Structure formats: structure tokens, C-alpha cells
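start.pdb, holding PDB, C-alpha atoms:
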```pdb
MODEL        1
ATOM      1  CA  ARG A  26       0.000   0.000   0.000
ATOM      2  CA  ALA A  27       1.172   3.524  -0.797
ATOM      3  CA  ASP A  28       0.641   4.705   2.797
ATOM      4  CA  ARG A  29       3.178   2.291   4.286
ATOM      5  CA  THR A  30       6.667   3.011   5.602
ATOM      6  CA  ILE A  31       9.525   0.624   6.398
ATOM      7  CA  PRO A  32       9.224   1.239  10.185
ATOM      8  CA  GLY A  33       5.469   0.706   9.915
ATOM      9  CA  MET A  34       5.876  -2.637   8.104
ATOM     10  CA  TYR A  35       8.562  -3.678  10.564
ATOM     11  CA  HIS A  36       6.612  -2.931  13.741
ATOM     12  CA  ALA A  37       3.450  -4.557  12.396
ATOM     13  CA  GLN A  38       5.385  -7.809  11.873
ATOM     14  CA  LEU A  39       7.176  -7.478  15.199
ATOM     15  CA  ALA A  40       3.787  -7.378  16.927
ATOM     16  CA  ARG A  41       2.770 -10.537  15.043
ATOM     17  CA  PHE A  42       5.866 -12.692  15.458
ATOM     18  CA  GLY A  43       7.579 -11.575  18.682
ATOM     19  CA  HIS A  44       9.556 -14.606  19.841
ATOM     20  CA  ARG A  45       9.671 -16.431  16.507
ATOM     21  CA  VAL A  46      13.024 -16.785  14.747
ATOM     22  CA  PHE A  47      13.876 -13.692  12.716
ATOM     23  CA  GLY A  48      17.209 -14.898  11.330
ATOM     24  CA  TYR A  49      20.342 -17.022  11.712
ATOM     25  CA  HIS A  50      24.025 -16.135  11.707
ATOM     26  CA  LYS A  51      27.199 -18.126  12.370
ATOM     27  CA  ASP A  52      29.034 -17.450  15.611
ATOM     28  CA  THR A  53      32.692 -17.069  14.644
ATOM     29  CA  THR A  54      33.961 -18.317  18.028
ATOM     30  CA  SER A  55      31.882 -21.479  18.479
ATOM     31  CA  GLY A  56      31.222 -22.138  14.789
ATOM     32  CA  ARG A  57      27.538 -22.693  15.601
ATOM     33  CA  TRP A  58      24.472 -21.125  14.032
ATOM     34  CA  ILE A  59      22.767 -18.609  16.314
ATOM     35  CA  ALA A  60      19.018 -18.031  16.014
ATOM     36  CA  THR A  61      17.803 -14.490  16.717
ATOM     37  CA  SER A  62      14.160 -13.838  17.543
ATOM     38  CA  TRP A  63      12.157 -10.885  16.285
ATOM     39  CA  SER A  64      12.038  -9.430  19.806
ATOM     40  CA  ASP A  65      15.805  -9.788  20.345
ATOM     41  CA  ALA A  66      16.524  -8.166  16.970
ATOM     42  CA  ALA A  67      14.057  -5.385  17.838
ATOM     43  CA  GLU A  68      15.971  -4.559  21.026
ATOM     44  CA  THR A  69      19.128  -3.967  18.964
ATOM     45  CA  VAL A  70      17.200  -1.833  16.463
ATOM     46  CA  ARG A  71      15.726   0.303  19.260
ATOM     47  CA  ASN A  72      19.123   0.807  20.879
ATOM     48  CA  VAL A  73      20.759   1.794  17.580
ATOM     49  CA  SER A  74      17.930   4.222  16.875
ATOM     50  CA  ASN A  75      18.011   5.711  20.376
ATOM     51  CA  ALA A  76      21.791   6.150  20.180
ATOM     52  CA  LEU A  77      21.367   8.075  16.928
ATOM     53  CA  LEU A  78      18.701  10.242  18.567
ATOM     54  CA  SER A  79      21.103  10.946  21.433
ATOM     55  CA  PHE A  80      23.672  12.148  18.867
ATOM     56  CA  GLY A  81      21.124  14.654  17.595
ATOM     57  CA  VAL A  82      20.304  12.824  14.354
ATOM     58  CA  LYS A  83      17.220  14.442  12.852
ATOM     59  CA  ARG A  84      14.674  13.290  10.297
ATOM     60  CA  GLY A  85      16.288  13.367   6.876
ATOM     61  CA  ASP A  86      19.885  13.168   8.165
ATOM     62  CA  ARG A  87      22.157  10.687   6.401
ATOM     63  CA  VAL A  88      23.974   7.855   8.202
ATOM     64  CA  GLY A  89      26.639   5.758   6.460
ATOM     65  CA  ILE A  90      27.457   2.032   6.590
ATOM     66  CA  VAL A  91      30.716   0.605   5.179
ATOM     67  CA  SER A  92      30.582  -3.142   5.708
ATOM     68  CA  GLU A  93      30.182  -6.555   4.170
ATOM     69  CA  THR A  94      26.741  -8.147   4.518
ATOM     70  CA  ARG A  95      26.190  -9.199   8.133
ATOM     71  CA  PRO A  96      23.347  -9.072  10.721
ATOM     72  CA  GLU A  97      24.592  -5.764  12.144
ATOM     73  CA  TRP A  98      24.164  -4.139   8.713
ATOM     74  CA  SER A  99      20.438  -4.937   8.647
ATOM     75  CA  ALA A 100      19.853  -4.032  12.297
ATOM     76  CA  THR A 101      21.651  -0.715  11.852
ATOM     77  CA  ASP A 102      19.726   0.045   8.655
ATOM     78  CA  MET A 103      16.433  -0.507  10.466
ATOM     79  CA  GLY A 104      17.623   1.594  13.402
ATOM     80  CA  ILE A 105      18.506   4.397  10.987
ATOM     81  CA  VAL A 106      15.150   4.455   9.179
ATOM     82  CA  CYS A 107      13.254   4.155  12.479
ATOM     83  CA  ALA A 108      15.077   7.322  13.551
ATOM     84  CA  GLY A 109      13.654   8.974  10.428
ATOM     85  CA  ALA A 110      17.135   9.163   8.920
ATOM     86  CA  ILE A 111      18.462   7.918   5.567
ATOM     87  CA  THR A 112      20.796   4.945   5.113
ATOM     88  CA  VAL A 113      23.815   5.516   2.854
ATOM     89  CA  GLY A 114      25.425   2.178   2.035
ATOM     90  CA  VAL A 115      29.025   2.212   0.820
ATOM     91  CA  TYR A 116      30.543  -0.847  -0.870
ATOM     92  CA  PRO A 117      33.252  -2.243   1.441
ATOM     93  CA  THR A 118      35.498  -2.828  -1.596
ATOM     94  CA  SER A 119      35.521   0.912  -2.370
ATOM     95  CA  THR A 120      38.844   2.736  -2.237
ATOM     96  CA  PRO A 121      39.390   5.307   0.531
ATOM     97  CA  GLU A 122      38.877   8.079  -2.020
ATOM     98  CA  GLN A 123      35.607   6.544  -3.273
ATOM     99  CA  CYS A 124      34.336   6.222   0.300
ATOM    100  CA  ALA A 125      35.254   9.835   1.013
ATOM    101  CA  TYR A 126      33.400  11.048  -2.084
ATOM    102  CA  VAL A 127      30.147   9.266  -1.148
ATOM    103  CA  LEU A 128      30.282  10.247   2.538
ATOM    104  CA  ASN A 129      30.946  13.893   1.649
ATOM    105  CA  HIS A 130      28.340  14.033  -1.106
ATOM    106  CA  ALA A 131      25.684  12.601   1.212
ATOM    107  CA  GLU A 132      26.838  14.874   4.076
ATOM    108  CA  VAL A 133      27.191  11.932   6.469
ATOM    109  CA  GLU A 134      28.146  12.654  10.084
ATOM    110  CA  THR A 135      27.941   9.146  11.611
ATOM    111  CA  VAL A 136      29.517   6.147   9.871
ATOM    112  CA  PHE A 137      29.192   2.484  10.868
ATOM    113  CA  VAL A 138      32.155   0.386   9.705
ATOM    114  CA  GLU A 139      32.631  -3.366   9.741
ATOM    115  CA  ASP A 140      36.040  -3.711  11.404
ATOM    116  CA  ARG A 141      39.468  -2.257  12.031
ATOM    117  CA  HIS A 142      40.351  -2.574   8.335
ATOM    118  CA  GLN A 143      37.449  -0.361   7.225
ATOM    119  CA  LEU A 144      38.109   2.067  10.083
ATOM    120  CA  ASP A 145      41.769   2.432   9.110
ATOM    121  CA  LYS A 146      40.729   2.939   5.485
ATOM    122  CA  LEU A 147      38.539   5.895   6.410
ATOM    123  CA  ARG A 148      41.107   7.230   8.846
ATOM    124  CA  SER A 149      43.585   7.352   5.963
ATOM    125  CA  VAL A 150      41.384  10.005   4.326
ATOM    126  CA  ARG A 151      40.231  11.663   7.555
ATOM    127  CA  ASP A 152      41.050  15.150   6.268
ATOM    128  CA  ALA A 153      38.871  14.503   3.213
ATOM    129  CA  ILE A 154      35.742  13.724   5.290
ATOM    130  CA  PRO A 155      35.538  16.726   7.658
ATOM    131  CA  LEU A 156      31.772  16.348   8.172
ATOM    132  CA  VAL A 157      32.118  12.896   9.787
ATOM    133  CA  LYS A 158      31.847  13.279  13.570
ATOM    134  CA  ARG A 159      32.008   9.650  14.713
ATOM    135  CA  PHE A 160      32.731   6.085  13.662
ATOM    136  CA  VAL A 161      31.013   2.976  15.062
ATOM    137  CA  VAL A 162      32.801  -0.367  14.607
ATOM    138  CA  PHE A 163      30.690  -3.536  14.311
ATOM    139  CA  ASP A 164      33.518  -5.997  14.962
ATOM    140  CA  ALA A 165      36.236  -4.599  17.218
ATOM    141  CA  GLY A 166      38.021  -7.967  17.359
ATOM    142  CA  GLN A 167      40.607  -7.908  20.153
ATOM    143  CA  GLY A 168      40.012  -4.219  20.717
ATOM    144  CA  LEU A 169      40.785  -0.989  18.923
ATOM    145  CA  PRO A 170      44.373   0.049  19.540
ATOM    146  CA  GLY A 171      45.352   3.556  18.582
ATOM    147  CA  PRO A 172      43.405   6.773  19.099
ATOM    148  CA  ARG A 173      39.821   6.238  20.226
ATOM    149  CA  ASP A 174      38.694   9.793  19.654
ATOM    150  CA  HIS A 175      35.321   9.804  17.883
ATOM    151  CA  VAL A 176      35.364   5.980  17.656
ATOM    152  CA  LEU A 177      32.803   3.720  19.362
ATOM    153  CA  THR A 178      32.441  -0.040  19.413
ATOM    154  CA  SER A 179      29.033  -1.488  18.615
ATOM    155  CA  SER A 180      28.516  -2.505  22.259
ATOM    156  CA  GLU A 181      29.342   1.040  23.431
ATOM    157  CA  LEU A 182      26.811   2.449  20.978
ATOM    158  CA  LEU A 183      24.100   0.070  22.225
ATOM    159  CA  GLU A 184      24.787   1.152  25.818
ATOM    160  CA  ILE A 185      24.356   4.787  24.775
ATOM    161  CA  GLY A 186      21.051   3.814  23.188
ATOM    162  CA  GLN A 187      19.887   2.049  26.359
ATOM    163  CA  ARG A 188      20.673   5.091  28.490
ATOM    164  CA  HIS A 189      18.835   7.395  26.066
ATOM    165  CA  ALA A 190      15.798   5.093  26.149
ATOM    166  CA  VAL A 191      15.679   5.348  29.949
ATOM    167  CA  ALA A 192      15.996   9.138  29.880
ATOM    168  CA  HIS A 193      13.586   9.566  26.930
ATOM    169  CA  PRO A 194      11.225   6.543  26.948
ATOM    170  CA  LYS A 195       8.870   7.912  24.277
ATOM    171  CA  ALA A 196      11.462   9.262  21.826
ATOM    172  CA  TYR A 197      11.891   6.121  19.709
ATOM    173  CA  GLU A 198       8.161   5.483  19.290
ATOM    174  CA  GLU A 199       7.466   9.107  18.434
ATOM    175  CA  ARG A 200      10.259   9.248  15.867
ATOM    176  CA  TRP A 201       9.415   6.096  13.886
ATOM    177  CA  ARG A 202       5.716   6.966  13.869
ATOM    178  CA  ALA A 203       6.580  10.411  12.466
ATOM    179  CA  VAL A 204       8.096   8.843   9.313
ATOM    180  CA  VAL A 205       5.853   9.340   6.257
ATOM    181  CA  PRO A 206       5.849   7.479   2.898
ATOM    182  CA  THR A 207       7.376  10.398   0.996
ATOM    183  CA  ASP A 208      10.428  10.559   3.311
ATOM    184  CA  LEU A 209      13.693   9.276   1.856
ATOM    185  CA  ALA A 210      14.706   5.848   3.169
ATOM    186  CA  MET A 211      17.987   5.267   1.350
ATOM    187  CA  LEU A 212      20.573   6.795  -0.933
ATOM    188  CA  VAL A 213      22.089   4.215  -3.266
ATOM    189  CA  TYR A 214      25.232   5.332  -5.037
ATOM    190  CA  THR A 215      25.323   3.788  -8.496
ATOM    191  CA  SER A 216      28.273   1.953  -9.958
ATOM    192  CA  GLY A 217      29.064   1.679 -13.658
ATOM    193  CA  THR A 218      28.133   5.266 -14.485
ATOM    194  CA  THR A 219      30.394   7.802 -16.135
ATOM    195  CA  GLY A 220      31.879  10.318 -13.758
ATOM    196  CA  PRO A 221      31.360  10.194  -9.980
ATOM    197  CA  PRO A 222      28.649   7.861  -8.580
ATOM    198  CA  LYS A 223      25.141   9.293  -8.528
ATOM    199  CA  GLY A 224      23.063   9.135  -5.361
ATOM    200  CA  VAL A 225      19.699   7.558  -6.193
ATOM    201  CA  MET A 226      17.006   8.777  -3.787
ATOM    202  CA  LEU A 227      14.504   6.095  -2.753
ATOM    203  CA  THR A 228      11.509   6.907  -0.562
ATOM    204  CA  HIS A 229       9.620   4.633   1.805
ATOM    205  CA  ARG A 230       6.807   4.622  -0.766
ATOM    206  CA  ASN A 231       9.266   3.429  -3.453
ATOM    207  CA  ILE A 232      10.364   0.545  -1.242
ATOM    208  CA  ALA A 233       6.820  -0.381  -0.162
ATOM    209  CA  ALA A 234       5.663  -0.498  -3.801
ATOM    210  CA  THR A 235       8.597  -2.725  -4.760
ATOM    211  CA  VAL A 236       7.926  -5.008  -1.773
ATOM    212  CA  ASP A 237       4.282  -5.347  -2.819
ATOM    213  CA  ALA A 238       5.276  -6.086  -6.433
ATOM    214  CA  ALA A 239       7.833  -8.703  -5.348
ATOM    215  CA  ASN A 240       5.386 -10.478  -3.054
ATOM    216  CA  LEU A 241       2.743 -10.396  -5.787
ATOM    217  CA  ALA A 242       5.119 -11.944  -8.336
ATOM    218  CA  ILE A 243       6.555 -14.494  -5.875
ATOM    219  CA  PRO A 244       4.067 -14.842  -2.991
ATOM    220  CA  MET A 245       6.091 -15.486   0.155
ATOM    221  CA  ARG A 246       4.739 -17.013   3.343
ATOM    222  CA  ASP A 247       5.841 -16.731   6.945
ATOM    223  CA  ASP A 248       7.454 -20.185   6.759
ATOM    224  CA  ASP A 249       9.722 -19.278   3.821
ATOM    225  CA  LEU A 250      13.489 -18.973   4.229
ATOM    226  CA  GLY A 251      16.315 -17.480   2.156
ATOM    227  CA  ILE A 252      20.098 -17.021   2.303
ATOM    228  CA  ILE A 253      21.328 -13.415   2.591
ATOM    229  CA  PHE A 254      24.688 -12.835   0.901
ATOM    230  CA  LEU A 255      24.498 -10.072  -1.733
ATOM    231  CA  PRO A 256      25.865  -6.580  -0.895
ATOM    232  CA  LEU A 257      23.480  -4.642   1.325
ATOM    233  CA  ALA A 258      24.948  -1.410  -0.047
ATOM    234  CA  HIS A 259      22.908  -2.238  -3.157
ATOM    235  CA  SER A 260      19.136  -1.825  -3.115
ATOM    236  CA  PHE A 261      18.410  -5.369  -4.385
ATOM    237  CA  GLN A 262      19.376  -7.408  -1.306
ATOM    238  CA  ARG A 263      18.019  -4.768   1.047
ATOM    239  CA  THR A 264      14.648  -4.655  -0.715
ATOM    240  CA  ALA A 265      14.566  -8.472  -0.845
ATOM    241  CA  ASN A 266      15.076  -8.420   2.932
ATOM    242  CA  TYR A 267      12.200  -5.967   3.325
ATOM    243  CA  ALA A 268       9.977  -8.188   1.150
ATOM    244  CA  ALA A 269      10.795 -11.184   3.341
ATOM    245  CA  MET A 270      10.131  -9.078   6.430
ATOM    246  CA  ALA A 271       6.738  -8.022   5.065
ATOM    247  CA  ALA A 272       5.892 -11.696   4.549
ATOM    248  CA  GLY A 273       7.329 -12.815   7.890
ATOM    249  CA  GLY A 274      10.054 -14.957   6.309
ATOM    250  CA  THR A 275      13.375 -15.969   7.863
ATOM    251  CA  GLY A 276      16.857 -14.980   6.672
ATOM    252  CA  VAL A 277      20.181 -16.793   7.003
ATOM    253  CA  PHE A 278      23.253 -14.553   6.853
ATOM    254  CA  ALA A 279      25.911 -16.367   4.861
ATOM    255  CA  GLU A 280      29.377 -16.728   6.385
ATOM    256  CA  ARG A 281      31.143 -16.012   3.107
ATOM    257  CA  ILE A 282      30.295 -15.959  -0.586
ATOM    258  CA  ASP A 283      32.030 -19.329  -1.146
ATOM    259  CA  LYS A 284      29.826 -20.955   1.513
ATOM    260  CA  ILE A 285      26.521 -20.247  -0.230
ATOM    261  CA  VAL A 286      26.067 -23.718  -1.744
ATOM    262  CA  ASP A 287      26.891 -25.346   1.613
ATOM    263  CA  HIS A 288      24.331 -23.112   3.336
ATOM    264  CA  MET A 289      21.730 -23.988   0.699
ATOM    265  CA  ARG A 290      22.280 -27.689   1.364
ATOM    266  CA  GLU A 291      21.988 -27.144   5.112
ATOM    267  CA  PHE A 292      19.010 -24.752   5.241
ATOM    268  CA  ARG A 293      17.200 -25.637   1.981
ATOM    269  CA  PRO A 294      15.956 -22.106   1.137
ATOM    270  CA  THR A 295      12.445 -21.917  -0.297
ATOM    271  CA  VAL A 296      12.717 -18.399  -1.790
ATOM    272  CA  GLN A 297      16.131 -17.148  -2.861
ATOM    273  CA  ALA A 298      17.231 -13.716  -4.050
ATOM    274  CA  ALA A 299      20.374 -13.711  -6.195
ATOM    275  CA  VAL A 300      21.817 -12.196  -9.334
ATOM    276  CA  PRO A 301      21.992 -14.310 -12.547
ATOM    277  CA  ARG A 302      25.732 -14.925 -12.232
ATOM    278  CA  VAL A 303      25.235 -16.842  -8.968
ATOM    279  CA  TYR A 304      22.756 -19.236 -10.577
ATOM    280  CA  GLU A 305      25.024 -19.599 -13.605
ATOM    281  CA  LYS A 306      27.927 -20.651 -11.372
ATOM    282  CA  ILE A 307      25.763 -23.206  -9.539
ATOM    283  CA  TYR A 308      24.486 -24.514 -12.890
ATOM    284  CA  GLN A 309      28.029 -24.850 -14.237
ATOM    285  CA  ARG A 310      29.204 -26.582 -11.074
ATOM    286  CA  ILE A 311      26.397 -29.158 -11.283
ATOM    287  CA  HIS A 312      27.028 -29.875 -14.962
ATOM    288  CA  ALA A 313      30.780 -30.162 -14.398
ATOM    289  CA  LYS A 314      30.147 -32.905 -11.802
ATOM    290  CA  VAL A 315      27.646 -34.649 -14.082
ATOM    291  CA  ALA A 316      30.221 -34.670 -16.903
ATOM    292  CA  GLU A 317      32.582 -36.617 -14.630
ATOM    293  CA  ALA A 318      29.944 -39.257 -13.802
ATOM    294  CA  PRO A 319      29.501 -42.642 -15.560
ATOM    295  CA  ALA A 320      27.320 -42.669 -18.678
ATOM    296  CA  ARG A 321      24.429 -44.354 -16.840
ATOM    297  CA  ARG A 322      24.323 -41.647 -14.166
ATOM    298  CA  GLN A 323      24.477 -38.948 -16.839
ATOM    299  CA  ALA A 324      21.491 -40.551 -18.566
ATOM    300  CA  ILE A 325      19.532 -40.638 -15.281
ATOM    301  CA  PHE A 326      20.387 -36.980 -14.686
ATOM    302  CA  LYS A 327      19.146 -35.940 -18.147
ATOM    303  CA  TRP A 328      15.977 -37.981 -17.653
ATOM    304  CA  ALA A 329      15.334 -36.325 -14.254
ATOM    305  CA  VAL A 330      15.860 -32.810 -15.661
ATOM    306  CA  GLY A 331      13.418 -33.620 -18.473
ATOM    307  CA  ILE A 332      10.768 -34.760 -15.963
ATOM    308  CA  GLY A 333      11.395 -31.603 -13.939
ATOM    309  CA  LYS A 334      10.807 -29.421 -16.992
ATOM    310  CA  GLN A 335       7.534 -31.246 -17.718
ATOM    311  CA  VAL A 336       6.360 -30.687 -14.151
TER     312      VAL A 336
ENDMDL
END
```
How does the structure come out when it is put into C-alpha cells?
Amino acid sequence: RADRTIPGMYHAQLARFGHRVFGYHKDTTSGRWIATSWSDAAETVRNVSNALLSFGVKRGDRVGIVSETRPEWSATDMGIVCAGAITVGVYPTSTPEQCAYVLNHAEVETVFVEDRHQLDKLRSVRDAIPLVKRFVVFDAGQGLPGPRDHVLTSSELLEIGQRHAVAHPKAYEERWRAVVPTDLAMLVYTSGTTGPPKGVMLTHRNIAATVDAANLAIPMRDDDLGIIFLPLAHSFQRTANYAAMAAGGTGVFAERIDKIVDHMREFRPTVQAAVPRVYEKIYQRIHAKVAEAPARRQAIFKWAVGIGKQV
């Protein structure tokens, strides 16, 4: 519907699903999959949003994220839009100069970065991004040696958000409810254009319309599941996530790009968003294995594919 916003869709589903599993991610220490409920994920979103409010982030302000796809990316994105601000995703493979251009052009003051590597990259062009007031690091690893001025860890940011929620218990609710469909939700900086990247302005109404179209074309249910691995700096994976959210589906954050097939075997996704090249690589991998099989097994494979096409 044209009157919907991303925070509105999100909170409607949160009220429905509460303690159901929202998503899975791999714990790097134990090597085990961790299930996160809707309510647990919502606590992180609220704390991120409240921390941004405590920094003085206003409706329409831009907040940057420079990171590979991971659960913190999505939680931070939702925290940003629930604060009425605009998410500016930057590809983590961008050069320091490319990052500086996007952050300056979007007039970003707060930047979330994945790890020490991304932090050091932006620090190397610190003089070129004078508007940036603070960095927040998702994965601090063994700590953040060196100057800590204007640098927060993710856990420190969440604590700031908790304190702001205690001091201003109604601020979060008032801010996300104040978001309207014509507000900007994201700036997506295009690649492959001539000259500097262009910032594409997408409103909540744009996203809601795309979500509705996606769920009309491929009706998703609340028991569907998909693997999340494409760049969240691009609108495709982010909008696919919103479509799954609107349907109540579950997402699995891939460990790495080369683990996708393993994850598909383990979780058996029912609805999967990917670009054509991913499917081409899977197709080629299957056919390469078939070509190595005995003639009888190749014949059975061809017969099975033929039956599948008929069905």
C-alpha cells in the first residue's frame, strides 16, 4: 500500500511474530548457528535508533554504513530508518577516495564500519571527510588500539542507546511513527556510471511499492526462508530483505560468498534472491560434476531434468 513506511511494516510484523526466529548467523567463536528472535533483533534496532537520537540525528539526516553483509548491517539500517534518517550504504570494496566522495556528497556525520580494516581505510582520508563526527565499529576484534577519539564499538553504541531510552522513553516510538511514505529511506550510489557515482534517492513509498510487487510476483509465506549474501549497499538485497520481512520470512546470513552452496544444502531455502551470475555458477558446477559421472548416471540426470521441466 502507498501509505506504508519501512518502520510501519517492521513494527506490524514485530507485533505478530515476537519470539519467533527472525534470522540465523554463524558465531565465529563457536562455529555454531545462532538463532535471533524478532524481539531480540528489535531490542538492537531500538538501541541503535536511540543512540542516533542521542547524537542529535534528525529526520532526513544521512547515516553511512561501510561493511560486508552481516546481521549488524540490517539491524543498523532498520535503526537508521526508524530514527527517520536515511541509510547511505558504501561498498566495502571501495577505495578510501571513493568512500570519502560518497560520505561527503551525502553529508554523512555518523559512519558504521565493519572492522578495524574499514576504520583504518577511512582514517587514511580523515582530512577529506571533515563532516564525519564519529565512527562505530561492528567488529572490534581484540580491541581498537590507537586513538579512540570519535570511535565507538558497537557494544558502546548500544549502551548509549539504552541510556537514552531510559531518559527519553517515548522518543523512539514518536520518531518512527513520524516517518511518512514520501520521506527518503535510502541513498544508493550507483556503480558503472560515467563520472562520480550518482546518489539515487529512494523513498519509503518506493520501497513499499517494490515489496508489494515482489510479493505479488513471488508470494512469500511466513514459513519461507532465504540465504542473505548479496551486498546490502545495493538496493536489491536490502529490498529483498524488506519483502521477506513483510511476509514474515526468515533470513540466514551467509558466512562467506564461497559458503553459499553449503548453506543452501543445510538450510534448503524456499525463496532465494540472487543475481543471474550466482545461478550460472551453480548450474556450471552441477554440470561439471555430471560430466565426470559414468554414462548411466548422466542418462539418469538428463531424464530427471526432463521430468522436472515437464512438471
Practice problem: On this file, the PyMOL selection byres ((chain A and resi 70-86) around 7) gives some set of residues; write that set as a ChimeraX atom specification. | Solution: /A:66-69,87-88,100-101,103-105,107-111,182-183,185-187,189-190,197,209
Exercise. Check which residues satisfy the PyMOL selection byres ((chain A and resi 216) around 12) in the file shown, then give them as a ChimeraX atom specification.
Key: /A:115-116,119,123,127,213-215,217-225,258-259
Quiz item: In Å to one decimal, how far is CA of Ser64 (chain A) from CA of Ala40 (chain A)?
Solution: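 Straight-line distance from CA of Ala40 (chain A) to CA of Ser64 (chain A) works out to 9.0 Å.
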Quiz item: In Å, with one decimal, what is the gap from CA of His229 (chain A) to CA of Ser62 (chain A)?
Solution: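 For CA of His229 (chain A) relative to CA of Ser62 (chain A), the distance reads 24.7 Å.
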Taking the file as shown, what set of residues would the PyMOL selection byres ((chain A and resi 290-299) around 12) give back, as an mmCIF file with C-alpha atoms, keeping the file's coordinate frame?
```
data_model
loop_
_atom_site.group_PDB
_atom_site.id
_atom_site.type_symbol
_atom_site.label_atom_id
_atom_site.label_comp_id
_atom_site.auth_asym_id
_atom_site.auth_seq_id
_atom_site.Cartn_x
_atom_site.Cartn_y
_atom_site.Cartn_z
ATOM 1 C CA GLY A 48 17.209 -14.898 11.330
ATOM 2 C CA TYR A 49 20.342 -17.022 11.712
ATOM 3 C CA HIS A 50 24.025 -16.135 11.707
ATOM 4 C CA TRP A 58 24.472 -21.125 14.032
ATOM 5 C CA ALA A 239 7.833 -8.703 -5.348
ATOM 6 C CA ASN A 240 5.386 -10.478 -3.054
ATOM 7 C CA ALA A 242 5.119 -11.944 -8.336
ATOM 8 C CA ILE A 243 6.555 -14.494 -5.875
ATOM 9 C CA PRO A 244 4.067 -14.842 -2.991
ATOM 10 C CA MET A 245 6.091 -15.486 0.155
ATOM 11 C CA ARG A 246 4.739 -17.013 3.343
ATOM 12 C CA ASP A 247 5.841 -16.731 6.945
ATOM 13 C CA ASP A 248 7.454 -20.185 6.759
ATOM 14 C CA ASP A 249 9.722 -19.278 3.821
ATOM 15 C CA LEU A 250 13.489 -18.973 4.229
ATOM 16 C CA GLY A 251 16.315 -17.480 2.156
ATOM 17 C CA ILE A 252 20.098 -17.021 2.303
ATOM 18 C CA ILE A 253 21.328 -13.415 2.591
ATOM 19 C CA PHE A 254 24.688 -12.835 0.901
ATOM 20 C CA LEU A 255 24.498 -10.072 -1.733
ATOM 21 C CA PRO A 256 25.865 -6.580 -0.895
ATOM 22 C CA PHE A 261 18.410 -5.369 -4.385
ATOM 23 C CA GLN A 262 19.376 -7.408 -1.306
ATOM 24 C CA ARG A 263 18.019 -4.768 1.047
ATOM 25 C CA THR A 264 14.648 -4.655 -0.715
ATOM 26 C CA ALA A 265 14.566 -8.472 -0.845
ATOM 27 C CA ASN A 266 15.076 -8.420 2.932
ATOM 28 C CA TYR A 267 12.200 -5.967 3.325
ATOM 29 C CA ALA A 268 9.977 -8.188 1.150
ATOM 30 C CA ALA A 269 10.795 -11.184 3.341
ATOM 31 C CA ALA A 272 5.892 -11.696 4.549
ATOM 32 C CA GLY A 274 10.054 -14.957 6.309
ATOM 33 C CA THR A 275 13.375 -15.969 7.863
ATOM 34 C CA GLY A 276 16.857 -14.980 6.672
ATOM 35 C CA VAL A 277 20.181 -16.793 7.003
ATOM 36 C CA PHE A 278 23.253 -14.553 6.853
ATOM 37 C CA ALA A 279 25.911 -16.367 4.861
ATOM 38 C CA ILE A 282 30.295 -15.959 -0.586
ATOM 39 C CA LYS A 284 29.826 -20.955 1.513
ATOM 40 C CA ILE A 285 26.521 -20.247 -0.230
ATOM 41 C CA VAL A 286 26.067 -23.718 -1.744
ATOM 42 C CA ASP A 287 26.891 -25.346 1.613
ATOM 43 C CA HIS A 288 24.331 -23.112 3.336
ATOM 44 C CA MET A 289 21.730 -23.988 0.699
ATOM 45 C CA VAL A 300 21.817 -12.196 -9.334
ATOM 46 C CA PRO A 301 21.992 -14.310 -12.547
ATOM 47 C CA ARG A 302 25.732 -14.925 -12.232
ATOM 48 C CA VAL A 303 25.235 -16.842 -8.968
ATOM 49 C CA TYR A 304 22.756 -19.236 -10.577
ATOM 50 C CA GLU A 305 25.024 -19.599 -13.605
ATOM 51 C CA LYS A 306 27.927 -20.651 -11.372
ATOM 52 C CA ILE A 307 25.763 -23.206 -9.539
#
```
Quiz item: If I put a ball of radius 12 Å at (-0.5, 2.6, 6.9) in the file's coordinates, which residues poke into it when counting only C-alpha atoms, written as a list in words?
Solution: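 Every residue inside that radius is included here: Arg26, Ala27, Asp28, Arg29, Thr30, Ile31, Pro32, Gly33, Met34, Tyr35, His36, Ala37, Arg202, Ala203, Val204, Val205, Pro206, His229, Arg230 and Ala233 of chain A.
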Exercise. For CA of Arg141 (chain A) and CA of Val162 (chain A), determine how far apart the two atoms are, in Å to one decimal place.
Key: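 Here the two named atoms are 7.4 Å from each other.
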Quiz item: Closest to His175 (chain A) among A:Lys51, A:Arg322, A:Arg151, A:Arg41, using all atoms listed in the file?
Solution: A:Arg151
Exercise. Skip Val91 (chain A) itself and residues of its chain fewer than 5 positions away, then list as a PyMOL selection string all residues within 7 Å of it, counting only C-alpha atoms.
Key: chain A and resi 114-117+137-139
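The smallest atom-to-atom distance between Thr54 (chain A) and any of A:Thr228, A:Thr135, A:Gly166, A:Val191, using all atoms listed in the file, is found for A:Gly166.
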Quiz prompt | Minimum-distance residue to Leu177 (chain A), chosen among A:Ala234, A:Ile311, A:Val136, A:Val106 (using only C-alpha atoms) | solution =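 Answer, going by the shortest atom-to-atom distance: A:Val136.
Among the candidates A:Ser179, A:Asp140, A:Pro121, A:Asp237, the residue lying nearest to Ile154 (chain A) is A:Pro121 (atoms considered: only C-alpha atoms).
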Would you mind writing region 223-232 of chain A with N, CA and C atoms, as a compact mmCIF listing (two decimals), in the coordinates of the input?
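Below is the file that was written, part_35.txt:
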```txt
# COMPACT_ATOMS: atom_id res chain seq x y z
N LYS A 223 26.32 8.46 -8.73
CA LYS A 223 25.14 9.29 -8.53
C LYS A 223 24.33 8.72 -7.36
N GLY A 224 23.86 9.58 -6.50
CA GLY A 224 23.06 9.14 -5.36
C GLY A 224 21.60 9.02 -5.74
N VAL A 225 21.11 7.79 -5.85
CA VAL A 225 19.70 7.56 -6.19
C VAL A 225 18.86 7.67 -4.92
N MET A 226 17.83 8.50 -4.96
CA MET A 226 17.01 8.78 -3.79
C MET A 226 15.76 7.90 -3.81
N LEU A 227 15.64 7.01 -2.83
CA LEU A 227 14.50 6.10 -2.75
C LEU A 227 13.69 6.39 -1.49
N THR A 228 12.39 6.60 -1.68
CA THR A 228 11.51 6.91 -0.56
C THR A 228 10.93 5.62 0.03
N HIS A 229 10.30 5.77 1.18
CA HIS A 229 9.62 4.63 1.80
C HIS A 229 8.52 4.12 0.88
N ARG A 230 7.86 5.02 0.17
CA ARG A 230 6.81 4.62 -0.77
C ARG A 230 7.40 3.81 -1.92
N ASN A 231 8.58 4.22 -2.42
CA ASN A 231 9.27 3.43 -3.45
C ASN A 231 9.48 2.00 -2.99
N ILE A 232 10.03 1.87 -1.77
CA ILE A 232 10.36 0.55 -1.24
C ILE A 232 9.10 -0.27 -1.02
```
